[in-house]
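Peer 1: Before I ask anything, let me first share the structure, which is written out below as structure tokens.
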Amino acid sequence: MDTPTDSIEPDFEAAAVLWDAYAAANPEQAAADSQYNVETFGDSPKLADELLALVLDGSKTATSSLVAEYAEDGDQLPRIGIHWIVCDSTGAPRAILRTTELRLGTFRDVDEAFARDEGEDDRSLESWRREHRRYWERTSAARGISWSESDELVFERFKVVWRADA
């Protein structure tokens with residue numbers, strides 16, 4: 001059985017090495033926002049790897065998350081231009097992403113284009129709603145709260161700016 005991605009320990013040292021390589025090759029972009037986060041996708045090692053694979057093959061260029069999770073974790077909401085290093089299920093950094101677009105809304109505010117850009121399942125709005133409802137019900141229950149379609153969400157688009165295998 002998969003465990004929550006909180007149990008995935010990112011390799012921060014390897015992430016710093018990846019960042020240094022990116023910054024050396026792209027000094028202006030790195031200097032524009034020299035801070036970065038180190039994260040994984042999903043709530044299990046399996047999902048972390050599945051979603052990362054979609055990012056690396058270009059299918060996934062967007063993600064969504066609950067605003068409440070940022071507040072609960074004491075984290076600031078993302079902003080345009082921020083970099084984040086995405087790790088696989090072993091904690092190894094695999095890519096650097098840069099946020100290109102943000103908006104806030106609710107579950108009902110998702111449109112076909114955003115569902116397609118998340119790159120998951122069959123990329124339809126129907127599957128986006130079905131799978132994200134399951135995901136947020138599961139992750140909210142794990143945190144001891146209930147999820148609602150009216151909960152505020154962050155809709156984020158990004159681009160891959162550096163790959164570990166580059």
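Ligands are numbered from 1 in the order shown, chains are lettered A, B, ... in the order of the structure tokens, and residues start at 1 in each chain.
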As a list in words, please: every residue in stretch 24-78 of chain A that a backbone DSSP assignment puts in helix (DSSP H, G or I).
Peer 2: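 Residues meeting the helix (DSSP H, G or I) criterion: Ala24, Ala25, Pro27, Glu28, Gln29, Ala30, Ala31, Ala32, Pro45, Lys46, Leu47, Ala48, Asp49, Glu50, Leu51, Leu52, Ala53, Leu54, Val55, Leu56, Val67, Ala68, Glu69, Tyr70, Ala71, Glu72 and Asp73 of chain A.
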Peer 1: Could you save those same residues with N, CA, C and O atoms as a short mmCIF file (atom, residue, chain, number, x, y, z; two decimals), in the first residue's frame?
Peer 2:
```cif
data_model
loop_
_atom_site.label_atom_id
_atom_site.label_comp_id
_atom_site.auth_asym_id
_atom_site.auth_seq_id
_atom_site.Cartn_x
_atom_site.Cartn_y
_atom_site.Cartn_z
N ALA A 24 23.37 28.29 -13.22
CA ALA A 24 24.57 28.57 -14.01
C ALA A 24 24.22 28.71 -15.49
O ALA A 24 24.79 29.55 -16.20
N ALA A 25 23.28 27.91 -15.96
CA ALA A 25 22.89 27.96 -17.37
C ALA A 25 21.86 29.05 -17.66
O ALA A 25 21.74 29.49 -18.81
N PRO A 27 21.22 32.29 -15.67
CA PRO A 27 21.42 33.20 -14.54
C PRO A 27 20.34 34.27 -14.40
O PRO A 27 19.97 34.61 -13.27
N GLU A 28 19.82 34.77 -15.51
CA GLU A 28 18.79 35.82 -15.40
C GLU A 28 17.50 35.27 -14.82
O GLU A 28 16.89 35.90 -13.95
N GLN A 29 17.05 34.10 -15.30
CA GLN A 29 15.82 33.51 -14.76
C GLN A 29 16.00 33.15 -13.29
O GLN A 29 15.11 33.39 -12.48
N ALA A 30 17.12 32.55 -12.95
CA ALA A 30 17.36 32.16 -11.57
C ALA A 30 17.45 33.38 -10.66
O ALA A 30 16.94 33.36 -9.54
N ALA A 31 18.07 34.45 -11.14
CA ALA A 31 18.21 35.66 -10.33
C ALA A 31 16.86 36.36 -10.14
O ALA A 31 16.65 37.01 -9.12
N ALA A 32 15.95 36.20 -11.10
CA ALA A 32 14.64 36.84 -11.00
C ALA A 32 13.86 36.30 -9.80
O ALA A 32 13.06 37.02 -9.20
N PRO A 45 3.56 7.56 -3.13
CA PRO A 45 4.70 7.39 -4.03
C PRO A 45 4.27 7.03 -5.46
O PRO A 45 4.83 7.56 -6.42
N LYS A 46 3.30 6.16 -5.58
CA LYS A 46 2.82 5.76 -6.92
C LYS A 46 2.28 6.97 -7.68
O LYS A 46 2.63 7.19 -8.84
N LEU A 47 1.43 7.77 -7.02
CA LEU A 47 0.87 8.94 -7.68
C LEU A 47 1.95 9.99 -7.96
O LEU A 47 1.92 10.65 -9.01
N ALA A 48 2.90 10.13 -7.07
CA ALA A 48 4.01 11.07 -7.29
C ALA A 48 4.72 10.75 -8.60
O ALA A 48 5.00 11.64 -9.41
N ASP A 49 5.01 9.46 -8.81
CA ASP A 49 5.71 9.05 -10.03
C ASP A 49 4.82 9.16 -11.27
O ASP A 49 5.29 9.57 -12.34
N GLU A 50 3.54 8.81 -11.14
CA GLU A 50 2.63 8.90 -12.29
C GLU A 50 2.49 10.35 -12.76
O GLU A 50 2.56 10.63 -13.96
N LEU A 51 2.29 11.27 -11.81
CA LEU A 51 2.10 12.67 -12.19
C LEU A 51 3.41 13.28 -12.70
O LEU A 51 3.40 14.06 -13.65
N LEU A 52 4.52 12.91 -12.10
CA LEU A 52 5.82 13.40 -12.58
C LEU A 52 6.06 12.93 -14.01
O LEU A 52 6.54 13.71 -14.85
N ALA A 53 5.71 11.70 -14.33
CA ALA A 53 5.88 11.19 -15.70
C ALA A 53 5.08 12.02 -16.69
O ALA A 53 5.56 12.31 -17.79
N LEU A 54 3.87 12.45 -16.29
CA LEU A 54 3.05 13.29 -17.17
C LEU A 54 3.70 14.66 -17.37
O LEU A 54 3.63 15.24 -18.46
N VAL A 55 4.33 15.17 -16.33
CA VAL A 55 5.05 16.45 -16.45
C VAL A 55 6.22 16.27 -17.42
O VAL A 55 6.41 17.08 -18.34
N LEU A 56 6.98 15.22 -17.23
CA LEU A 56 8.18 15.02 -18.04
C LEU A 56 7.87 14.72 -19.50
O LEU A 56 8.68 15.05 -20.37
N VAL A 67 -6.31 25.73 -1.07
CA VAL A 67 -5.74 26.86 -0.36
C VAL A 67 -5.55 26.50 1.11
O VAL A 67 -4.53 26.84 1.72
N ALA A 68 -6.49 25.75 1.67
CA ALA A 68 -6.42 25.38 3.09
C ALA A 68 -5.15 24.60 3.42
O ALA A 68 -4.64 24.71 4.54
N GLU A 69 -4.64 23.81 2.48
CA GLU A 69 -3.42 23.05 2.75
C GLU A 69 -2.22 23.98 2.94
O GLU A 69 -1.35 23.72 3.77
N TYR A 70 -2.17 25.05 2.16
CA TYR A 70 -1.07 26.01 2.33
C TYR A 70 -1.14 26.64 3.71
O TYR A 70 -0.13 26.75 4.41
N ALA A 71 -2.34 27.06 4.09
CA ALA A 71 -2.51 27.69 5.40
C ALA A 71 -2.17 26.72 6.52
O ALA A 71 -1.46 27.07 7.48
N GLU A 72 -2.65 25.48 6.40
CA GLU A 72 -2.39 24.46 7.44
C GLU A 72 -0.90 24.18 7.59
O GLU A 72 -0.41 23.98 8.69
N ASP A 73 -0.19 24.18 6.48
CA ASP A 73 1.25 23.90 6.50
C ASP A 73 2.09 25.15 6.80
O ASP A 73 3.32 25.06 6.90
#
```
Peer 1: With a distance cut-off of 9 Å and only C-alpha atoms, select the neighbouring residues of A:Trp136, excluding the residue or stretch itself and same-chain residues fewer than 3 positions from it, and output the selection as a PDB file with C-alpha atoms, in the first residue's frame.
Peer 2:
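Written file, selection35.pdb:
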```
ATOM      1  CA  SER A  65      -4.374  22.451  -4.815  1.00  0.00           C
ATOM      2  CA  LEU A  66      -6.442  23.425  -1.805  1.00  0.00           C
ATOM      3  CA  GLU A 131     -10.661  12.119  -9.793  1.00  0.00           C
ATOM      4  CA  HIS A 132     -10.047  15.406  -7.993  1.00  0.00           C
ATOM      5  CA  ARG A 133     -13.194  14.942  -5.920  1.00  0.00           C
ATOM      6  CA  THR A 139      -6.580  13.831   1.544  1.00  0.00           C
ATOM      7  CA  SER A 140      -8.969  16.001   3.570  1.00  0.00           C
ATOM      8  CA  ALA A 141     -10.197  12.964   5.510  1.00  0.00           C
ATOM      9  CA  SER A 146     -14.146  17.342   5.267  1.00  0.00           C
ATOM     10  CA  TRP A 147     -13.813  18.640   1.734  1.00  0.00           C
ATOM     11  CA  SER A 148     -16.430  20.708  -0.084  1.00  0.00           C
TER      12      SER A 148
END
```
Peer 1: Taking 3 positions as the minimum chain separation for residues in the same chain, which residues sit within 9 Å of A:Ile80 when counting only C-alpha atoms? Answer as JSON, numbers by chain.
Peer 2: {"A": [83, 98, 99, 100, 101, 102, 156, 158]}
Peer 1: Between A:Glu39, A:Ile96, A:Gly105, A:Leu125, which has the minimum distance to A:Asn26 (counting only C-alpha atoms)?
Peer 2: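 So, comparing all the options, the nearest one is A:Ile96.
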Peer 1: Mind checking which residues fall within 10 Å of stretch 16-18 of chain A, counting only C-alpha atoms, ignoring those fewer than 3 positions away in the same chain, and posting them as a list of chain:residue names?
Peer 2: A:Asp11, A:Phe12, A:Glu13, A:Ala21, A:Tyr22, A:Ala23, A:Tyr36, A:Val38, A:Ile85, A:Pro93, A:Arg94, A:Ala95, A:Ile96, A:Trp162, A:Arg163, A:Ala164
Peer 1: List as a list in words the protein and nucleic acid residues near A:Ser7, meaning an atom at most 12 Å away when only C-alpha atoms are counted, but skip any in the same chain fewer than 4 places from it.
Peer 2: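 Surrounding residues, per the criterion: Asp2, Thr3, Glu39, Thr40, Gly42, Asp43, Ser44, Pro45, Ala48, Ser89, Thr90 and Gly91 of chain A.
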Peer 1: Just list as a PyMOL selection string whatever in stretch 100-161 of chain A DSSP marks as strand (DSSP E).
Peer 2: chain A and resi 100-105+153-161
Peer 1: Could those selected residues go to a file with all heavy atoms, as a short mmCIF file (atom, residue, chain, number, x, y, z; two decimals), in the first residue's frame?
Peer 2:
```
data_model
loop_
_atom_site.label_atom_id
_atom_site.label_comp_id
_atom_site.auth_asym_id
_atom_site.auth_seq_id
_atom_site.Cartn_x
_atom_site.Cartn_y
_atom_site.Cartn_z
N THR A 100 3.74 29.88 -14.29
CA THR A 100 3.49 30.87 -15.33
C THR A 100 2.12 31.54 -15.21
O THR A 100 1.91 32.60 -15.80
CB THR A 100 3.60 30.23 -16.73
OG1 THR A 100 2.64 29.18 -16.83
CG2 THR A 100 5.00 29.70 -16.98
N GLU A 101 1.21 30.91 -14.49
CA GLU A 101 -0.15 31.46 -14.37
C GLU A 101 -0.78 30.95 -13.08
O GLU A 101 -0.60 29.79 -12.71
CB GLU A 101 -0.99 31.01 -15.57
CG GLU A 101 -2.40 31.54 -15.59
CD GLU A 101 -3.18 30.98 -16.78
OE1 GLU A 101 -2.62 30.87 -17.88
OE2 GLU A 101 -4.36 30.66 -16.57
N LEU A 102 -1.53 31.81 -12.43
CA LEU A 102 -2.24 31.45 -11.20
C LEU A 102 -3.61 32.07 -11.20
O LEU A 102 -3.80 33.18 -11.72
CB LEU A 102 -1.50 31.98 -9.97
CG LEU A 102 -0.20 31.32 -9.58
CD1 LEU A 102 0.51 32.17 -8.54
CD2 LEU A 102 -0.45 29.94 -9.05
N ARG A 103 -4.53 31.37 -10.60
CA ARG A 103 -5.84 31.97 -10.29
C ARG A 103 -6.45 31.19 -9.16
O ARG A 103 -6.10 30.04 -8.91
CB ARG A 103 -6.75 32.02 -11.51
CG ARG A 103 -7.27 30.71 -12.00
CD ARG A 103 -8.15 30.90 -13.25
NE ARG A 103 -8.48 29.62 -13.82
CZ ARG A 103 -9.57 28.93 -13.54
NH1 ARG A 103 -10.46 29.40 -12.68
NH2 ARG A 103 -9.80 27.75 -14.10
N LEU A 104 -7.34 31.84 -8.44
CA LEU A 104 -8.07 31.20 -7.35
C LEU A 104 -9.49 30.96 -7.80
O LEU A 104 -10.05 31.71 -8.61
CB LEU A 104 -8.07 32.09 -6.10
CG LEU A 104 -6.71 32.40 -5.48
CD1 LEU A 104 -6.87 33.37 -4.32
CD2 LEU A 104 -6.03 31.13 -5.03
N GLY A 105 -10.10 29.92 -7.28
CA GLY A 105 -11.48 29.61 -7.61
C GLY A 105 -11.94 28.44 -6.78
O GLY A 105 -11.31 28.07 -5.78
N LEU A 153 -9.54 26.91 -4.18
CA LEU A 153 -8.46 26.19 -4.85
C LEU A 153 -7.51 27.16 -5.52
O LEU A 153 -7.90 28.26 -5.91
CB LEU A 153 -9.02 25.26 -5.93
CG LEU A 153 -10.04 24.22 -5.52
CD1 LEU A 153 -10.60 23.51 -6.75
CD2 LEU A 153 -9.42 23.23 -4.56
N VAL A 154 -6.26 26.72 -5.66
CA VAL A 154 -5.27 27.42 -6.46
C VAL A 154 -5.14 26.65 -7.77
O VAL A 154 -4.88 25.44 -7.76
CB VAL A 154 -3.89 27.46 -5.77
CG1 VAL A 154 -2.86 28.12 -6.68
CG2 VAL A 154 -3.97 28.17 -4.44
N PHE A 155 -5.34 27.33 -8.89
CA PHE A 155 -5.15 26.74 -10.21
C PHE A 155 -3.85 27.31 -10.76
O PHE A 155 -3.70 28.53 -10.89
CB PHE A 155 -6.31 27.09 -11.14
CG PHE A 155 -7.64 26.61 -10.63
CD1 PHE A 155 -8.58 27.51 -10.15
CD2 PHE A 155 -7.95 25.26 -10.61
CE1 PHE A 155 -9.81 27.08 -9.69
CE2 PHE A 155 -9.17 24.82 -10.14
CZ PHE A 155 -10.10 25.72 -9.67
N GLU A 156 -2.91 26.43 -11.05
CA GLU A 156 -1.56 26.86 -11.38
C GLU A 156 -1.11 26.21 -12.69
O GLU A 156 -1.23 25.01 -12.86
CB GLU A 156 -0.65 26.42 -10.23
CG GLU A 156 0.77 26.83 -10.32
CD GLU A 156 1.53 26.49 -9.03
OE1 GLU A 156 0.98 25.86 -8.11
OE2 GLU A 156 2.71 26.87 -8.97
N ARG A 157 -0.60 27.03 -13.58
CA ARG A 157 0.03 26.51 -14.79
C ARG A 157 1.54 26.72 -14.65
O ARG A 157 1.99 27.67 -14.01
CB ARG A 157 -0.50 27.21 -16.03
CG ARG A 157 -1.88 26.73 -16.43
CD ARG A 157 -2.26 27.24 -17.82
NE ARG A 157 -3.41 26.55 -18.34
CZ ARG A 157 -4.68 26.89 -18.11
NH1 ARG A 157 -4.96 27.94 -17.35
NH2 ARG A 157 -5.65 26.20 -18.64
N PHE A 158 2.30 25.82 -15.25
CA PHE A 158 3.75 25.87 -15.11
C PHE A 158 4.41 25.37 -16.39
O PHE A 158 3.76 24.79 -17.26
CB PHE A 158 4.21 25.01 -13.93
CG PHE A 158 3.76 23.58 -14.01
CD1 PHE A 158 4.43 22.65 -14.79
CD2 PHE A 158 2.63 23.16 -13.32
CE1 PHE A 158 4.01 21.33 -14.87
CE2 PHE A 158 2.19 21.84 -13.40
CZ PHE A 158 2.88 20.93 -14.18
N LYS A 159 5.71 25.62 -16.47
CA LYS A 159 6.50 25.03 -17.55
C LYS A 159 7.73 24.40 -16.94
O LYS A 159 8.24 24.83 -15.90
CB LYS A 159 6.85 26.06 -18.62
CG LYS A 159 7.78 27.14 -18.17
CD LYS A 159 8.08 28.10 -19.33
CE LYS A 159 9.04 29.19 -18.87
NZ LYS A 159 9.42 30.07 -19.95
N VAL A 160 8.21 23.36 -17.60
CA VAL A 160 9.45 22.71 -17.20
C VAL A 160 10.57 23.59 -17.74
O VAL A 160 10.65 23.84 -18.93
CB VAL A 160 9.55 21.29 -17.77
CG1 VAL A 160 10.92 20.68 -17.43
CG2 VAL A 160 8.42 20.40 -17.26
N VAL A 161 11.44 24.06 -16.85
CA VAL A 161 12.55 24.90 -17.26
C VAL A 161 13.90 24.18 -17.19
O VAL A 161 14.90 24.66 -17.73
CB VAL A 161 12.60 26.23 -16.49
CG1 VAL A 161 11.36 27.08 -16.78
CG2 VAL A 161 12.76 26.00 -14.98
#
```
Peer 1: Let me make sure I understand: among A:Asp20, A:Thr106, A:Asp33, A:Asp165, which one has the smallest atom-to-atom distance to A:Ile82 if we use only C-alpha atoms?
Peer 2: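 Counting only C-alpha atoms, the residue closest to A:Ile82 is A:Asp33.
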Peer 1: Have a look at A:Glu112, A:Phe41, A:Trp84, A:Asp122 and name the one nearest to A:Ser64; count only C-alpha atoms.
Peer 2: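 Between A:Glu112, A:Phe41, A:Trp84, A:Asp122, the residue approaching A:Ser64 most closely is A:Phe41.
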Peer 1: Go ahead and compute the interatomic distance for atom CA of A:Ala14 and atom CA of A:Cys87, in Å to one decimal.
Peer 2: 10.0 Å
Peer 1: Interatomic distance between atom CA of A:Trp19 and atom CA of A:Asp75?
Peer 2: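 Going from atom CA of A:Trp19 over to atom CA of A:Asp75 covers 20.7 Å.
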Peer 1: What is the atom CA of A:Val110 to atom CA of A:Trp128 distance in Å?
Peer 2: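 Value for the atom CA of A:Val110-atom CA of A:Trp128 distance: 8.7 Å.
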Peer 1: Please determine, counting only C-alpha atoms, which residue among A:Asp88, A:Glu9, A:Ala62, A:Phe107 has the shortest atom-to-atom distance to A:Ser150.
Peer 2: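 Nearest candidate to A:Ser150 out of A:Asp88, A:Glu9, A:Ala62, A:Phe107: A:Phe107.
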